[in-house]
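Peer 1: Take this structure, written in structure tokens, and hold onto it; I'll ask about it next.
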Amino acid sequence: MELNDLYRRVIMDHYKNPRNRGEMQDESVAIQLNNPTCGDRISLQLQLENGVVTDARYTGEGCSISMSSASMMTEAVKGLKYEEALALAERFSSLMKGADEEFEELEDIEALSGVNKFPARIKCATLAWNALRKGIESQK
Amino acid sequence: MNINAIREQFPILHQEINGHPLVYLDSAASSQKPRSVIDAVSKYYELDHANVHRGVHSLGSRATDAYEGAREKVAKFINAPSPEQIVFTRGTTTALNLVASSYARSICREGDEIVITQMEHHSNLIPWQQVAKATGATLKYIPLQADGTISIADAEATITSNTKVVSVTYVSNVLGCVNPIKELAAIAHRNGAIMVVDGAQSTPHMRVDVQDLDVDFYAFSGHKMCGPTGIGALYGRRSLLENMEPIEFGGEMIDFVELYDSTWKEIPYRFEGGTPIIAGAVGLGAAIDFLEEIGMEAVDEHAKQLTKYAYDVLSNVDGLTIYGPKQDRVGLVTFNLDEVHPHDVATVLDTKGIAVRAGHHCCQPLMRWLNVSATARASFYVYNTTDEIDQLVEALIQTKEFFGYGIE
């Protein structure tokens, strides 16, 4: 196992310079999720209009993997229709299971592919995506 | 104490993890097992196994002797007055739940108090929350001082004549501090309360004497002291155990069963419904033999020296915070590296073959008191060396560099 497989530069960049971190004032839905085994927690706020995720922000506490994944996810889903966002979440799950997924315009996300070699950390990476899924499904 | 000879007896230690020799610093979560314990469990299954307390046949007698022999070893190990006062359980959690569900629920009323501390493991906290909710009793906390320890004065102020139960851990699994159990028991008794002790972290390291401590219940687990998982014990004062109702009903625990009523066996059997964890008890007995052969005083001294050494060298790492008091620590050091989440610390250490625990250590209220969401913890046992602690420190310095300068 090589550390650089896990902690790619782009992951550390999202960890140290998080995108979309902070509270939203006018969210359509807010989801709190914990990872009770390790104490990671995320609060995700989504603005949803006419079947589209128009904005996404988050706050929370956790390791570099969970927080960078949240940062990347909020960047990736803005402007996506519900189905597209859910499909992306599905592809992210496959990536974590070791599948060869390509995220053309979203190369940042692909940097998390190394997590699948660290089974104990997969839950960290999927926390924000599970919150996204829960948020969209609550609107259906 | 010949550390190399001891290490030789632990087969699991002699392997590489991620290309590095294993450095196992997570014994406070679960210790590794010496060959003698592994062999005792397999020999029991190879030669002596049958169900206990019922077989007329020879194997049934041998299994019963092995199981009851283990109970005698446990009683002697913690200086219980008699083996009947040792109830075998699945571990500390089950033992504490038995006291809470049977004893405490039957005696607590509205206006009564249950006193614990904020450093308790969830297993010595949630059972009491549940008793308080079910009975209307009030759950109270002895406050923690700045270094995380508790003071006798605070205990005196918190425990009152309304207190029915005081339940405190002997050694904190996060702070590593030793609580003044004997003094707490005296305060509890003076107020008419009983004293319950979570011995999960103390029993692996210290010479425990339940009569000298004068406690009413003492719970511990086998797997943290070289024994198998799935076995632990509850010591109880005879007069209390004899008046307690079972919380599990079925085979092995009954005296007479009629259509609409039943009576229970004497203690401890009435609390051991179902076929017990026979092989686990045999393994726990072998673990006690292993520790007694080294000598608990030597076991204790070794962990104390390692912990002091670790505290000192870790204190010298820039940007590293240690939680809990400096003095009188048993077997562990909990810490955080500035700017690096403990999960990331644990993952980096794992790539170097070093196993530490990262997370809330089943102590969420204590994490909130420390104002952190999680911490990393290195814990030590009979087979650890100062050389391993040096490797930990080296790896932590590299972790800091990796996270500090690895990206720009």
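Quick note on naming: the chains in the structure tokens go A, B, ... in the order shown, residues restart at 1 in each chain, and ligands are numbered from 1 in order of appearance.
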Kindly provide, as a PyMOL selection string, the residues of chain B having any atom no farther than 12 Å from an atom of chain A, counting only C-alpha atoms.

Peer 2: chain B and resi 17-20+339-353+357-365+367-368+372-376+398-399+402-408

Peer 1: Within chain A, find each residue whose DSSP state, derived from the backbone, is strand (DSSP E or B), and express the selection as a list in words.

Peer 2: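 Those in chain A that DSSP calls strand (DSSP E or B) are Arg21, Val29, Ala30, Ile31, Gln32, Leu33, Asn34, Asn35, Asp40, Arg41, Ile42, Ser43, Leu44, Gln45, Leu46, Gln47, Leu48, Glu49, Val52, Val53, Thr54, Asp55, Ala56, Arg57, Tyr58, Thr59, Gly60, Glu61 and Lys81 of chain A.
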
Peer 1: Print the selection's residues with C-alpha atoms to a file, as a PDB file, in the first residue's frame.

Peer 2:
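As written to disk, again_22.pdb reads:
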```pdb
ATOM      1  CA  ARG A  21     -17.998  24.673   2.992  1.00  0.00           C
ATOM      2  CA  VAL A  29     -33.325  20.312   2.522  1.00  0.00           C
ATOM      3  CA  ALA A  30     -30.685  19.672   5.183  1.00  0.00           C
ATOM      4  CA  ILE A  31     -29.334  16.230   6.041  1.00  0.00           C
ATOM      5  CA  GLN A  32     -27.206  15.259   9.023  1.00  0.00           C
ATOM      6  CA  LEU A  33     -25.284  12.006   8.812  1.00  0.00           C
ATOM      7  CA  ASN A  34     -22.836  10.433  11.240  1.00  0.00           C
ATOM      8  CA  ASN A  35     -20.394   7.642  10.943  1.00  0.00           C
ATOM      9  CA  ASP A  40     -17.234  11.673  11.419  1.00  0.00           C
ATOM     10  CA  ARG A  41     -20.269  13.822  10.788  1.00  0.00           C
ATOM     11  CA  ILE A  42     -21.577  15.899   7.927  1.00  0.00           C
ATOM     12  CA  SER A  43     -24.381  18.363   7.586  1.00  0.00           C
ATOM     13  CA  LEU A  44     -25.296  18.760   3.915  1.00  0.00           C
ATOM     14  CA  GLN A  45     -27.618  21.465   2.608  1.00  0.00           C
ATOM     15  CA  LEU A  46     -29.127  21.288  -0.827  1.00  0.00           C
ATOM     16  CA  GLN A  47     -31.107  23.790  -2.817  1.00  0.00           C
ATOM     17  CA  LEU A  48     -33.461  21.934  -5.098  1.00  0.00           C
ATOM     18  CA  GLU A  49     -35.570  23.521  -7.842  1.00  0.00           C
ATOM     19  CA  VAL A  52     -32.400  20.137 -10.287  1.00  0.00           C
ATOM     20  CA  VAL A  53     -29.739  20.470  -7.577  1.00  0.00           C
ATOM     21  CA  THR A  54     -29.048  24.182  -7.876  1.00  0.00           C
ATOM     22  CA  ASP A  55     -26.722  24.557  -4.896  1.00  0.00           C
ATOM     23  CA  ALA A  56     -24.957  22.369  -2.338  1.00  0.00           C
ATOM     24  CA  ARG A  57     -22.998  23.286   0.779  1.00  0.00           C
ATOM     25  CA  TYR A  58     -21.768  21.360   3.778  1.00  0.00           C
ATOM     26  CA  THR A  59     -20.310  21.637   7.256  1.00  0.00           C
ATOM     27  CA  GLY A  60     -18.933  18.845   9.355  1.00  0.00           C
ATOM     28  CA  GLU A  61     -16.004  17.221  11.016  1.00  0.00           C
ATOM     29  CA  LYS A  81     -30.921  16.818 -12.391  1.00  0.00           C
TER      30      LYS A  81
END
```

Peer 1: Residues within 9 Å of A:Met96, please, as a ChimeraX atom specification. Count only C-alpha atoms; anything in the same chain fewer than 6 positions from it doesn't count.

Peer 2: /A:112-117,119,122,125-126

Peer 1: With distances taken over only C-alpha atoms, which residue among B:Phe271, B:Tyr311, B:Tyr235, B:Phe88 lies nearest B:Gly251?

Peer 2: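 That would be B:Phe271, the residue with the smallest distance to B:Gly251.
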
Peer 1: Give me the residues near B:Arg329 as a PyMOL selection string, where near means some atom within 10 Å (using only C-alpha atoms) and where sequence neighbours in that chain fewer than 5 positions away do not count.

Peer 2: chain B and resi 171-172+175-178+303-305+307-308+311+324

Peer 1: Would you output that residue set with C-alpha atoms, as an mmCIF file, in the first residue's frame?

Peer 2:
```cif
data_model
loop_
_atom_site.group_PDB
_atom_site.id
_atom_site.type_symbol
_atom_site.label_atom_id
_atom_site.label_comp_id
_atom_site.auth_asym_id
_atom_site.auth_seq_id
_atom_site.Cartn_x
_atom_site.Cartn_y
_atom_site.Cartn_z
ATOM 1 C CA VAL B 171 -8.744 2.916 34.543
ATOM 2 C CA SER B 172 -9.934 5.247 31.763
ATOM 3 C CA LEU B 175 -7.105 9.215 29.656
ATOM 4 C CA GLY B 176 -5.210 6.238 31.094
ATOM 5 C CA CYS B 177 -5.721 7.567 34.630
ATOM 6 C CA VAL B 178 -6.393 5.328 37.637
ATOM 7 C CA ALA B 303 3.241 -1.295 31.037
ATOM 8 C CA LYS B 304 3.934 1.597 33.403
ATOM 9 C CA GLN B 305 7.497 1.950 32.132
ATOM 10 C CA THR B 307 3.639 4.319 29.121
ATOM 11 C CA LYS B 308 5.976 6.716 30.878
ATOM 12 C CA TYR B 311 4.485 9.944 27.291
ATOM 13 C CA GLY B 324 -5.109 13.048 30.364
#
```

Peer 1: So which bits of stretch 10-80 of chain B end up alpha helix (DSSP H) when you DSSP the backbone, as a PyMOL selection string?

Peer 2: chain B and resi 35-43+58-77

Peer 1: Near stretch 93-96 of chain B, counting only C-alpha atoms, which residues have an atom at most 12 Å away, once you skip same-chain residues fewer than 5 positions from it, shown as a VMD selection string?

Peer 2: chain B and resid 86 to 88 101 to 104 121 to 128 131 167 to 169 195 to 200 217 to 222 230 to 236 247 to 248 271 to 272 362

Peer 1: From the set A:Ala89, A:Asp5, A:Asp100, A:Ser94, which residue has the shortest atom-to-atom contact distance to A:Ala70, counting only C-alpha atoms?

Peer 2: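 Result for the nearest residue to A:Ala70: A:Ala89.
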
Peer 1: Please measure the separation of atom CA of B:Glu388 and atom CA of B:Tyr170, giving the value in Å to one decimal.

Peer 2: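 Atom CA of B:Tyr170 lies at a distance of 26.7 Å from atom CA of B:Glu388.
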
Peer 1: Using only C-alpha atoms, which protein or nucleic acid residues come within 8 Å of stretch 135-149 of chain B? Drop anything in the same chain fewer than 4 positions from it, and give the result as a VMD selection string.

Peer 2: chain B and resid 105 108 to 119 128 to 129 131 154 to 155 158 175 177 179 323 to 325

Peer 1: Go ahead and write the residues just picked, C-alpha atoms, as a compact mmCIF listing (two decimals), in the first residue's frame.

Peer 2:
```txt
# COMPACT_ATOMS: atom_id res chain seq x y z
CA ARG B 105 -33.76 -1.50 38.09
CA CYS B 108 -34.03 2.54 42.02
CA ARG B 109 -37.04 4.83 42.45
CA GLU B 110 -37.83 8.41 41.54
CA GLY B 111 -35.63 10.71 43.61
CA ASP B 112 -32.80 8.17 43.81
CA GLU B 113 -29.48 8.93 42.20
CA ILE B 114 -27.00 7.00 40.11
CA VAL B 115 -23.52 8.53 40.05
CA ILE B 116 -20.97 8.01 37.25
CA THR B 117 -18.30 10.16 35.55
CA GLN B 118 -17.94 11.73 32.12
CA MET B 119 -14.91 9.56 31.37
CA TRP B 128 -27.31 3.71 33.69
CA GLN B 129 -29.08 6.15 31.37
CA VAL B 131 -32.05 2.59 34.36
CA ASP B 154 -16.02 16.38 44.03
CA ALA B 155 -17.01 12.76 44.65
CA THR B 158 -21.84 14.45 44.18
CA LEU B 175 -7.11 9.22 29.66
CA CYS B 177 -5.72 7.57 34.63
CA ASN B 179 -9.46 6.31 39.63
CA TYR B 323 -4.88 13.92 26.69
CA GLY B 324 -5.11 13.05 30.36
CA PRO B 325 -2.75 13.39 33.31
```

Peer 1: Using only C-alpha atoms, which residue out of B:Ala66, B:Cys226, B:Leu396, B:Ala310 lies closest to B:Ser31?

Peer 2: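 Closest to B:Ser31 of all the choices is B:Cys226.
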
Peer 1: Suppose you want the space between atom CA of B:Met1 and atom CA of B:Phe380; what is it in Å?

Peer 2: 15.3 Å

Peer 1: How far is it from atom CA of B:Phe10 to atom CA of B:Glu394, in Å with one decimal?

Peer 2: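 So the answer is 24.8 Å.
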
Peer 1: Using only C-alpha atoms, which residue out of A:Asn50, A:Glu84, A:Ser28, A:Ser93 lies closest to A:Leu127?

Peer 2: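 Closest to A:Leu127 of all the choices is A:Ser93.
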